[in-house]
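Source file: input09.cif (mmCIF, C-alpha atoms)
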```cif
data_upload
#
loop_
_atom_site.label_atom_id
_atom_site.label_comp_id
_atom_site.auth_asym_id
_atom_site.auth_seq_id
_atom_site.Cartn_x
_atom_site.Cartn_y
_atom_site.Cartn_z
CA MET L 215 35.45 15.69 -0.45
CA ASN L 216 36.87 16.62 2.97
CA GLU L 217 35.72 19.21 5.45
CA ASN L 218 38.39 21.70 4.35
CA ALA L 219 37.12 21.70 0.76
CA ILE L 220 33.53 22.36 1.92
CA ASN L 221 34.73 25.17 4.17
CA ASN L 222 36.67 26.68 1.26
CA LEU L 223 33.54 26.67 -0.90
CA ARG L 224 31.52 28.34 1.87
CA GLU L 225 34.22 30.98 2.31
CA ALA L 226 34.28 31.69 -1.42
CA LEU L 227 30.48 32.15 -1.39
CA GLN L 228 30.80 34.77 1.35
CA TYR L 229 32.65 36.95 -1.16
CA SER L 230 30.42 35.95 -4.07
CA PRO L 231 26.98 34.95 -2.71
CA ASP L 232 25.26 35.28 -6.09
CA ASN L 233 27.69 32.95 -7.85
CA ILE L 234 25.26 30.24 -9.02
CA PRO L 235 27.81 27.69 -10.36
CA LEU L 236 29.81 27.97 -7.13
CA ARG L 237 26.72 27.42 -4.96
CA HIS L 238 25.68 24.48 -7.17
CA HIS L 239 29.13 22.97 -6.66
CA LEU L 240 28.70 23.32 -2.88
CA ALA L 241 25.22 21.73 -3.00
CA GLU L 242 26.52 18.76 -5.00
CA THR L 243 29.53 18.38 -2.70
CA LEU L 244 27.34 18.37 0.40
CA GLN L 245 25.08 15.77 -1.19
CA GLN L 246 28.05 13.54 -2.02
CA ALA L 247 29.20 13.87 1.59
CA ASN L 248 25.72 12.77 2.70
CA ARG L 249 25.16 16.10 4.45
CA LEU L 250 21.67 16.16 3.03
CA ASP L 251 20.04 18.80 5.22
CA GLU L 252 22.78 21.27 4.28
CA ALA L 253 22.51 20.30 0.61
CA GLU L 254 18.76 20.93 0.74
CA ILE L 255 19.35 24.46 2.08
CA GLU L 256 21.74 25.26 -0.77
CA TYR L 257 19.38 23.93 -3.46
CA VAL L 258 16.50 25.97 -2.01
CA LYS L 259 18.72 29.07 -2.21
CA LEU L 260 19.56 28.23 -5.83
CA LEU L 261 15.88 27.93 -6.73
CA LYS L 262 15.22 31.36 -5.22
CA MET L 263 17.92 32.74 -7.50
CA THR L 264 16.90 30.86 -10.67
CA HIS L 265 14.22 28.36 -11.71
CA ASP L 266 16.63 26.17 -13.68
CA ASN L 267 15.25 22.62 -13.75
CA LYS L 268 18.62 21.05 -12.98
CA TYR L 269 18.43 22.58 -9.49
CA LYS L 270 14.88 21.25 -9.06
CA THR L 271 16.21 17.82 -9.99
CA GLY L 272 19.07 18.26 -7.51
CA LEU L 273 16.65 19.14 -4.72
CA ALA L 274 14.40 16.20 -5.66
CA ARG L 275 17.42 13.88 -5.51
CA VAL L 276 18.22 15.16 -2.01
CA PHE L 277 14.62 14.50 -0.93
CA TYR L 278 14.90 10.98 -2.39
CA LEU L 279 18.12 10.28 -0.46
CA LYS L 280 16.46 11.56 2.73
CA GLY L 281 13.55 9.17 2.20
CA GLU L 282 11.11 12.04 1.67
CA TYR L 283 9.65 10.45 -1.44
CA SER L 284 6.40 12.44 -1.50
CA LYS L 285 8.31 15.76 -1.67
CA CYS L 286 10.56 14.29 -4.36
CA ASN L 287 7.59 13.24 -6.47
CA VAL L 288 5.81 16.58 -6.18
CA LEU L 289 8.87 18.37 -7.61
CA LEU L 290 9.40 15.85 -10.39
CA GLU L 291 5.74 15.66 -11.40
CA ASP L 292 5.66 19.41 -11.87
CA MET L 293 8.74 19.27 -14.11
CA ILE L 294 7.58 16.30 -16.16
CA ALA L 295 4.08 17.73 -16.62
CA SER L 296 5.61 20.91 -18.07
CA GLY L 297 7.59 18.82 -20.58
CA ALA L 298 10.92 19.52 -18.88
CA GLY L 299 11.56 15.96 -17.74
CA GLU L 300 14.81 14.51 -19.10
CA PHE L 301 15.81 10.86 -18.87
CA GLU L 302 17.49 11.12 -15.44
CA THR L 303 14.49 13.04 -14.07
CA ILE L 304 12.04 10.38 -15.28
CA ILE L 305 14.14 7.53 -13.86
CA LEU L 306 14.35 9.27 -10.49
CA HIS L 307 10.58 9.74 -10.60
CA ALA L 308 10.08 6.01 -11.30
CA ARG L 309 12.28 5.13 -8.31
CA ALA L 310 10.51 7.55 -5.97
CA LEU L 311 7.06 6.34 -7.06
CA MET L 312 8.17 2.76 -6.44
CA LYS L 313 9.33 3.70 -2.93
CA GLU L 314 5.86 5.17 -2.26
CA ASN L 315 4.40 1.88 -3.52
CA LEU L 316 2.66 3.66 -6.41
CA ILE L 317 3.59 0.74 -8.61
CA ALA L 318 1.38 1.34 -11.64
CA ARG L 319 2.59 4.92 -11.94
CA ALA L 320 6.21 3.79 -11.45
CA VAL L 321 5.79 1.30 -14.30
CA ASP L 322 4.31 4.11 -16.38
CA GLN L 323 7.37 6.32 -15.85
CA TYR L 324 9.86 3.48 -16.36
CA GLN L 325 8.27 2.64 -19.69
CA LYS L 326 8.55 6.30 -20.64
CA ALA L 327 12.26 6.26 -19.76
CA LEU L 328 12.83 3.08 -21.77
CA ASN L 329 11.21 4.72 -24.79
CA ILE L 330 14.06 7.26 -24.59
CA LYS L 331 16.84 4.71 -23.88
CA PRO L 332 15.65 1.20 -24.82
CA ASP L 333 18.91 -0.46 -23.68
CA PHE L 334 18.85 1.05 -20.19
CA GLN L 335 18.82 -1.44 -17.31
CA ASP L 336 18.44 -0.91 -13.58
CA GLU L 337 18.61 -3.93 -11.28
CA GLU L 338 16.13 -2.67 -8.66
CA LEU L 339 13.62 -1.21 -11.13
CA ASP L 340 13.80 -4.33 -13.32
CA ARG L 341 13.32 -6.61 -10.32
CA GLU L 342 10.39 -4.68 -8.87
CA LEU L 343 8.64 -3.46 -12.03
CA ARG L 344 9.33 -5.78 -14.95
CA ARG L 345 8.12 -8.99 -13.25
CA SER L 346 8.50 -10.73 -16.61
CA LYS L 347 9.85 -13.95 -15.16
CA ASN L 348 6.87 -14.53 -12.87
CA SER L 349 3.93 -12.91 -14.51
CA GLY L 350 4.91 -13.61 -18.10
CA GLU L 351 4.56 -17.35 -17.71
CA MET L 352 0.88 -17.43 -16.88
CA PRO L 353 -0.79 -16.21 -20.09
CA ASP L 354 1.74 -18.08 -22.24
CA GLY L 355 0.14 -21.43 -21.52
CA THR L 356 1.60 -22.62 -18.22
CA ASP L 357 -1.21 -23.74 -15.93
CA SER L 358 -0.22 -22.28 -12.58
CA SER L 359 -3.73 -22.25 -11.16
CA ASP L 360 -2.86 -24.88 -8.53
CA ALA L 361 -0.22 -22.52 -7.11
CA ILE L 362 -2.62 -19.56 -7.13
CA LEU L 363 -5.82 -21.18 -5.84
CA GLN L 364 -6.27 -21.73 -2.12
CA MET L 365 -8.99 -23.30 0.02
CA PRO L 366 -8.84 -21.30 3.27
CA LEU L 367 -8.98 -23.33 6.47
CA ILE L 368 -10.23 -20.39 8.52
CA ASN L 369 -13.64 -18.78 8.86
CA PHE L 370 -15.27 -16.11 11.02
CA ASP L 371 -14.73 -18.20 14.15
CA ASP L 372 -11.01 -17.56 13.69
CA VAL L 373 -11.44 -13.77 13.57
CA GLY L 374 -11.42 -12.24 17.03
CA GLY L 375 -13.70 -9.25 17.56
CA MET L 376 -14.63 -7.18 14.46
CA THR L 377 -18.29 -7.97 15.15
CA ASN L 378 -19.73 -5.12 13.08
CA ILE L 379 -17.44 -5.90 10.14
CA LYS L 380 -18.47 -9.56 10.17
CA LYS L 381 -22.17 -8.63 10.32
CA GLU L 382 -21.82 -6.29 7.35
CA ILE L 383 -19.88 -8.86 5.31
CA ASP L 384 -22.43 -11.54 6.23
CA LEU L 385 -25.29 -9.41 4.95
CA LYS L 386 -23.61 -8.05 1.83
CA ILE L 387 -21.43 -10.99 0.81
CA ILE L 388 -22.04 -14.29 2.56
CA LYS L 389 -25.84 -14.52 2.41
CA PRO L 390 -25.93 -13.94 -1.38
CA MET L 391 -23.22 -16.59 -1.87
CA LEU L 392 -24.95 -19.14 0.39
CA TYR L 393 -28.44 -18.61 -1.04
CA PRO L 394 -27.89 -17.87 -4.74
CA ASP L 395 -31.25 -19.35 -5.82
CA ILE L 396 -33.20 -16.94 -3.62
CA TYR L 397 -31.29 -14.01 -5.07
CA LYS L 398 -31.82 -15.26 -8.62
CA ALA L 399 -35.55 -15.43 -7.98
CA TYR L 400 -35.46 -11.68 -7.47
CA GLY L 401 -33.20 -11.12 -10.47
CA LYS L 402 -30.18 -10.41 -8.28
CA LYS L 403 -26.71 -11.74 -9.05
CA THR L 404 -24.36 -13.18 -6.47
CA GLY L 405 -20.79 -11.98 -6.24
CA GLY L 406 -19.73 -8.51 -7.27
CA GLY L 407 -17.11 -6.22 -5.81
CA ILE L 408 -16.41 -5.16 -2.23
CA LEU L 409 -13.75 -2.63 -1.25
CA LEU L 410 -12.13 -2.99 2.17
CA TYR L 411 -10.31 0.12 3.30
CA GLY L 412 -8.57 1.28 6.44
CA PRO L 413 -5.14 1.74 8.02
CA PRO L 414 -2.39 -0.78 7.20
CA GLY L 415 -1.86 -3.85 9.36
CA CYS L 416 -5.49 -4.12 10.54
CA GLY L 417 -6.42 -7.52 9.11
CA LYS L 418 -7.96 -6.83 5.69
CA THR L 419 -6.27 -9.92 4.20
CA HIS L 420 -7.27 -12.06 7.19
CA ILE L 421 -10.94 -11.06 6.97
CA ALA L 422 -10.89 -11.70 3.20
CA LYS L 423 -9.58 -15.25 3.71
CA ALA L 424 -12.09 -15.87 6.50
CA THR L 425 -14.89 -14.69 4.18
CA ALA L 426 -13.87 -17.26 1.56
CA GLY L 427 -13.68 -19.94 4.25
CA GLN L 428 -17.11 -18.99 5.56
CA VAL L 429 -18.75 -19.73 2.19
CA LYS L 430 -16.36 -22.62 1.36
CA ALA L 431 -15.20 -20.79 -1.74
CA SER L 432 -11.90 -20.95 -3.59
CA PHE L 433 -9.55 -18.08 -2.73
CA ILE L 434 -7.07 -16.29 -4.97
CA ASN L 435 -4.73 -13.84 -3.25
CA VAL L 436 -3.56 -11.57 -6.07
CA ARG L 437 -0.18 -9.93 -5.58
CA LEU L 438 0.99 -7.01 -7.68
CA ASP L 439 3.78 -9.14 -9.15
CA ASN L 440 1.10 -11.54 -10.46
CA ILE L 441 -0.11 -8.74 -12.71
CA LEU L 442 2.31 -5.90 -13.37
CA ASP L 443 4.74 -6.38 -16.22
CA MET L 444 6.93 -3.91 -18.07
CA TRP L 445 6.14 -5.36 -21.48
CA ILE L 446 3.28 -3.67 -23.29
CA GLY L 447 0.03 -5.63 -23.03
CA LYS L 448 1.37 -8.29 -20.61
CA SER L 449 -0.19 -6.77 -17.48
CA GLU L 450 -3.63 -6.80 -19.12
CA LYS L 451 -3.18 -10.46 -20.14
CA ASN L 452 -2.07 -11.42 -16.62
CA LEU L 453 -5.10 -9.71 -15.10
CA HIS L 454 -7.47 -11.45 -17.54
CA TYR L 455 -5.83 -14.80 -16.76
CA LEU L 456 -6.46 -14.43 -13.01
CA PHE L 457 -10.11 -13.56 -13.59
CA GLU L 458 -10.40 -16.61 -15.87
CA ILE L 459 -9.08 -18.88 -13.10
CA ALA L 460 -11.72 -17.40 -10.77
CA ARG L 461 -14.47 -17.99 -13.37
CA GLN L 462 -13.40 -21.62 -13.74
CA ASN L 463 -13.45 -22.25 -9.97
CA LYS L 464 -16.73 -20.77 -8.74
CA PRO L 465 -17.65 -19.88 -6.10
CA CYS L 466 -14.44 -17.94 -5.81
CA VAL L 467 -13.14 -14.98 -3.83
CA LEU L 468 -10.58 -12.97 -5.80
CA PHE L 469 -8.66 -10.83 -3.31
CA ILE L 470 -6.56 -7.94 -4.62
CA ASP L 471 -4.47 -6.15 -2.01
CA GLU L 472 -3.15 -2.61 -2.61
CA ILE L 473 -5.77 -2.23 -5.30
CA ASP L 474 -5.08 1.49 -5.57
CA ALA L 475 -1.76 0.56 -7.24
CA LEU L 476 -3.79 -1.00 -10.08
CA GLY L 477 -6.82 1.26 -10.03
CA ALA L 478 -5.24 4.66 -9.47
CA SER L 479 -7.10 7.61 -10.91
CA ARG L 480 -6.64 7.76 -14.67
CA SER L 481 -6.10 11.50 -14.37
CA ASP L 482 -2.78 10.65 -12.68
CA MET L 483 -1.70 8.44 -15.58
CA LYS L 484 0.44 10.37 -18.06
CA GLN L 485 1.20 7.34 -20.23
CA SER L 486 -1.28 5.13 -22.03
CA ALA L 487 0.01 1.89 -20.44
CA GLY L 488 -1.48 2.62 -17.02
CA ARG L 489 -4.77 3.69 -18.55
CA HIS L 490 -4.97 0.46 -20.59
CA LEU L 491 -4.54 -1.62 -17.42
CA ILE L 492 -7.29 0.30 -15.60
CA ASN L 493 -9.63 -0.10 -18.58
CA GLN L 494 -8.89 -3.83 -18.66
CA PHE L 495 -9.63 -4.04 -14.94
CA LEU L 496 -12.99 -2.32 -15.42
CA GLN L 497 -13.87 -4.70 -18.27
CA GLU L 498 -13.07 -7.72 -16.08
CA LEU L 499 -15.22 -6.34 -13.25
CA ASP L 500 -18.09 -5.76 -15.68
CA GLY L 501 -17.72 -9.31 -16.98
CA LEU L 502 -17.95 -8.20 -20.60
CA GLY L 503 -18.25 -11.38 -22.64
CA ASN L 504 -17.94 -13.46 -19.46
CA ASN L 505 -20.12 -14.59 -16.57
CA ASN L 506 -18.94 -13.22 -13.23
CA ASP L 507 -21.88 -14.67 -11.30
CA GLY L 508 -20.46 -16.43 -8.24
CA ILE L 509 -17.22 -14.44 -8.23
CA LEU L 510 -16.62 -12.07 -5.36
CA VAL L 511 -13.86 -9.53 -5.98
CA LEU L 512 -12.49 -8.18 -2.71
CA GLY L 513 -10.19 -5.20 -3.03
CA ALA L 514 -8.16 -3.81 -0.14
CA THR L 515 -6.59 -0.39 0.04
CA ASN L 516 -5.08 2.02 2.54
CA ALA L 517 -5.90 4.96 0.24
CA PRO L 518 -9.43 4.72 -1.24
CA TRP L 519 -9.23 8.41 -2.21
CA HIS L 520 -6.64 7.47 -4.88
CA LEU L 521 -8.94 4.95 -6.56
CA ASP L 522 -10.45 5.92 -9.90
CA PRO L 523 -14.11 6.96 -9.36
CA ALA L 524 -15.16 4.58 -12.16
CA PHE L 525 -14.37 1.65 -9.83
CA ARG L 526 -17.16 2.71 -7.47
CA ARG L 527 -19.97 2.57 -10.01
CA PRO L 528 -22.82 0.04 -9.52
CA GLY L 529 -21.75 -3.52 -10.31
CA ARG L 530 -18.09 -2.80 -9.55
CA PHE L 531 -16.84 -1.82 -6.08
CA ASP L 532 -20.17 -0.30 -5.14
CA ARG L 533 -20.03 -1.69 -1.61
CA ILE L 534 -17.34 -0.22 0.63
CA ILE L 535 -16.45 -1.46 4.12
CA PHE L 536 -14.24 0.37 6.59
CA VAL L 537 -11.83 -1.94 8.47
CA PRO L 538 -10.69 0.00 11.57
CA PRO L 539 -7.91 -0.98 13.96
CA PRO L 540 -8.83 -4.10 15.95
CA ASP L 541 -11.23 -3.55 18.83
CA GLU L 542 -10.43 -4.60 22.38
CA ILE L 543 -11.65 -8.18 21.93
CA ALA L 544 -9.65 -8.54 18.72
CA ARG L 545 -6.51 -7.06 20.33
CA GLU L 546 -6.76 -9.56 23.17
CA ALA L 547 -7.07 -12.41 20.64
CA ILE L 548 -4.09 -11.11 18.65
CA ILE L 549 -1.93 -10.91 21.78
CA GLY L 550 -2.78 -14.54 22.59
CA ILE L 551 -1.99 -15.71 19.05
CA LYS L 552 1.31 -13.82 18.81
CA LEU L 553 2.53 -15.05 22.22
CA LYS L 554 1.61 -18.67 21.58
CA ASN L 555 4.51 -21.11 22.23
CA LYS L 556 6.71 -18.30 23.60
CA PRO L 557 8.04 -18.21 27.19
CA VAL L 558 5.57 -16.01 29.11
CA ASN L 559 4.64 -15.42 32.75
CA ASN L 560 1.05 -14.53 33.73
CA ILE L 561 0.27 -12.26 30.80
CA ASP L 562 -2.74 -10.06 31.49
CA SER L 563 -4.02 -9.92 27.91
CA LYS L 564 -7.19 -8.08 28.92
CA HIS L 565 -5.26 -5.25 30.58
CA LEU L 566 -2.84 -5.03 27.63
CA ALA L 567 -5.70 -4.90 25.14
CA LYS L 568 -7.20 -1.92 26.98
CA LYS L 569 -3.88 -0.08 26.94
CA LEU L 570 -3.27 -0.67 23.21
CA ASP L 571 -6.20 1.33 21.85
CA HIS L 572 -5.74 2.25 18.14
CA TYR L 573 -2.87 -0.25 17.75
CA SER L 574 -3.00 -2.44 14.65
CA GLY L 575 -2.23 -6.14 14.58
CA ALA L 576 1.13 -5.30 13.01
CA ASP L 577 1.80 -2.82 15.84
CA ILE L 578 1.07 -5.46 18.47
CA GLU L 579 3.47 -7.85 16.75
CA ALA L 580 6.13 -5.12 16.74
CA ILE L 581 5.66 -4.54 20.48
CA ILE L 582 6.09 -8.25 21.19
CA ASP L 583 9.27 -8.28 19.05
CA ILE L 584 10.68 -5.34 21.05
CA ALA L 585 9.98 -7.20 24.32
CA ILE L 586 11.56 -10.39 22.94
CA GLU L 587 14.74 -8.56 21.91
CA GLU L 588 15.05 -7.17 25.45
CA LYS L 589 14.59 -10.66 26.92
CA LEU L 590 17.09 -12.19 24.51
CA GLU L 591 19.75 -9.75 25.65
CA ASN L 592 19.16 -10.70 29.29
CA SER L 593 19.01 -14.41 28.47
CA PHE L 594 22.50 -14.37 26.96
CA LEU L 595 23.98 -13.59 30.40
CA ASP L 596 23.23 -17.04 31.85
CA GLY L 597 21.93 -18.94 28.81
CA MET L 598 18.43 -19.31 30.26
CA PRO L 599 15.31 -18.01 28.43
CA LYS L 600 13.57 -15.29 30.47
CA PRO L 601 9.75 -15.26 30.36
CA ILE L 602 7.93 -12.25 28.91
CA THR L 603 5.74 -10.40 31.41
CA THR L 604 2.89 -7.93 31.11
CA ARG L 605 5.22 -5.15 32.30
CA ASP L 606 7.71 -6.03 29.52
CA LEU L 607 5.02 -5.56 26.91
CA LEU L 608 3.75 -2.31 28.45
CA ASN L 609 7.32 -0.95 28.47
CA ALA L 610 7.76 -2.01 24.84
CA ALA L 611 4.55 -0.16 23.94
CA LYS L 612 6.15 3.08 25.17
CA ASN L 613 8.77 2.68 22.42
CA HIS L 614 6.28 1.98 19.63
CA ARG L 615 3.42 4.36 18.94
CA ALA L 616 0.30 3.23 17.11
CA SER L 617 1.13 3.48 13.40
CA THR L 618 -2.55 3.98 12.57
CA GLN L 619 -2.46 7.57 13.88
CA GLU L 620 -0.58 8.82 10.84
CA TRP L 621 -3.15 7.18 8.55
CA PHE L 622 -6.04 8.75 10.47
CA SER L 623 -4.49 12.22 10.23
CA THR L 624 -4.71 11.92 6.43
CA ALA L 625 -8.06 10.10 6.37
CA ARG L 626 -9.62 12.71 8.66
CA ASN L 627 -8.97 15.43 6.09
CA TYR L 628 -10.64 13.44 3.32
CA ALA L 629 -13.58 12.59 5.61
CA LEU L 630 -14.08 16.24 6.54
CA TYR L 631 -13.40 18.00 3.25
CA SER L 632 -13.88 15.47 0.43
CA ASN L 633 -16.87 13.48 1.57
CA GLU L 634 -19.85 14.78 -0.38
CA SER L 635 -21.29 11.29 -0.90
CA GLY L 636 -20.76 10.26 2.73
CA LEU L 637 -18.23 7.63 1.64
CA TYR L 638 -15.97 8.23 4.63
CA ASN L 639 -18.63 8.68 7.34
CA ASP L 640 -17.34 5.57 9.12
CA ILE L 641 -14.01 7.30 9.65
CA LEU L 642 -15.76 10.24 11.32
CA THR L 643 -17.76 7.83 13.48
CA TYR L 644 -14.61 6.01 14.57
CA LEU L 645 -12.91 9.33 15.39
CA GLN L 646 -16.06 10.45 17.22
CA ILE L 647 -16.36 13.56 15.07
CA ASN L 648 -19.87 14.94 14.72
CA VAL L 649 -20.20 17.09 11.61
CA GLN L 650 -23.28 19.29 11.56
CA LYS L 651 -24.98 19.48 8.14
#
```
Mind turning the file's structure into structure tokens?
Amino acid sequence: MNENAINNLREALQYSPDNIPLRHHLAETLQQANRLDEAEIEYVKLLKMTHDNKYKTGLARVFYLKGEYSKCNVLLEDMIASGAGEFETIILHARALMKENLIARAVDQYQKALNIKPDFQDEELDRELRRSKNSGEMPDGTDSSDAILQMPLINFDDVGGMTNIKKEIDLKIIKPMLYPDIYKAYGKKTGGGILLYGPPGCGKTHIAKATAGQVKASFINVRLDNILDMWIGKSEKNLHYLFEIARQNKPCVLFIDEIDALGASRSDMKQSAGRHLINQFLQELDGLGNNNDGILVLGATNAPWHLDPAFRRPGRFDRIIFVPPPDEIAREAIIGIKLKNKPVNNIDSKHLAKKLDHYSGADIEAIIDIAIEEKLENSFLDGMPKPITTRDLLNAAKNHRASTQEWFSTARNYALYSNESGLYNDILTYLQINVQK
């Protein structure tokens, strides 16, 4: 709709400001015109005038289109919890949860929607949440273990810096795996569960692979699409299958990234499907009816506070390791690795590493990409590659802030106000916050 039509609606509302249908028409028109900030204002006005759920849904849709998925989900969760969620509301909730990478909860909502309309199909939701083509093959008899199993070629020598992390992993993980007989003499099992947590892009996957390489163990990198499946019961079967592969290839490190998507708090699960998957996960960790001795389950998460407390009981993920942003030595190593085989000129990696405090490995890669794009533009003028300099990288860093800061702003609140057991003390130590007891 053109500008004149919007202006006409605004003019009409000046004479009839309490006309709810007219204001709703304006809000919808602004949304269709992608004038989302203005649409948000009109929906907020509507909700002050009436608490009709269709206006809540409209505001949630605006938040979704703006990429403010958390706000969208808060509105929709409140509606659905009160029993007011209709099909379109539930579908929007599934999409917004998926955008926040809350996959298990998104699957939960999509299943709920399909119970209302079994024939409904959505290309993006089906592609991201059903996973039937990939994950459905495994429990049905196809032996895909060769594709899943890896033998890492790296060990701790390939991990720059992170000295304290490596010491802790050596004591809690590697020594028991290397000397199982000594541990058995004391009635202690090898293996178990370790939770790695910290900001994204800080090398949790890399340290997990290096751990497996250090003890010469098999390595299984579990992706969410290896497990999650829309069909009832399939996700549980897929999870059991992966644990079975690990049990058949001991010693084995089973690495599960984004574990909070599988082990989210059961209090957040409104449907039974998500709860069933969590219960299956707990059974696999406990090794009920199976022998998990020699299996190390490494879970990685950016949000440990979303993990169901049952996962942190003894024998499960009872050992928790904070993986902070890379230290100065690690940053220098990352810079060297990322610049390898690229045209460079006298890069002062040590100076750069000092300047990039709090930057993750992913941040450093982004900075190098920014510098490369600048050089490419200059190189097109005469067709000659221009070398990257230290100054280029420092200038690029001005255009890319450390992404870990946003994570720490959230983590700090949990460490200060939801830390009765001292679980997040390492965060306070890293932030140099001294809390008096």
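The residues returned by the PyMOL selection byres ((chain L and resi 466) around 6) on the shown structure are Ala431, Ser432, Phe433, Ala460, Lys464, Pro465, Val467 and Ile509 of chain L.
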Checklist line | CA of Ile387 (chain L) to CA of Ile641 (chain L), distance in Å rounded to a single decimal | finding: 21.6 Å
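For the pair CA of Cys416 (chain L) and CA of Leu392 (chain L), the separation is 26.6 Å.
In this comparison, which uses only C-alpha atoms, the residue of L:Asn329, L:Ser449, L:Gln245, L:Asn267 approaching Ser296 (chain L) most closely is L:Asn267.
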Next item on the list: Enumerate, as number ranges by chain, the residues matched when the PyMOL selection byres ((chain L and resi 276-278) around 9) is run on the file above.
Entry: L: 245, 250-251, 253-254, 257, 271-275, 279-287, 306, 309-310
Item checked: Proximity to Asn627 (chain L) - best of L:Leu456, L:Arg545, L:Trp519, L:Ala585, only C-alpha atoms -> L:Trp519
Note to self: Around (13.4, -3.5, -5.9), as given in the file, which residues come within 12 Å? Count all atoms listed in the file and list them as JSON, numbers by chain.
What the structure shows: {"L": [308, 309, 310, 311, 312, 313, 315, 317, 320, 336, 337, 338, 339, 340, 341, 342, 343, 344, 345, 439]}
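The two atoms in question, CA of Leu290 (chain L) and CA of Val321 (chain L), are spaced 15.5 Å apart.
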Item checked: Selection under test: the PyMOL selection byres ((chain L and resi 620) around 12); residues as JSON, numbers by chain -> {"L": [412, 413, 414, 516, 572, 573, 615, 616, 617, 618, 619, 621, 622, 623, 624, 625, 626, 627]}
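For Ile305 (chain L), the non-local neighbours within 9 Å, defined as residues at least 4 positions apart in the same chain or in other chains and counting only C-alpha atoms, are Glu300, Phe301, Arg309, Ala310, Gln323, Tyr324, Lys326 and Ala327 of chain L.
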Margin query: Could you check the closest approach to Glu579 (chain L) for each of L:Pro518, L:Pro366, L:Gly513, L:Gly415 and tell me which residue wins, using only C-alpha atoms?
Written below: L:Gly415
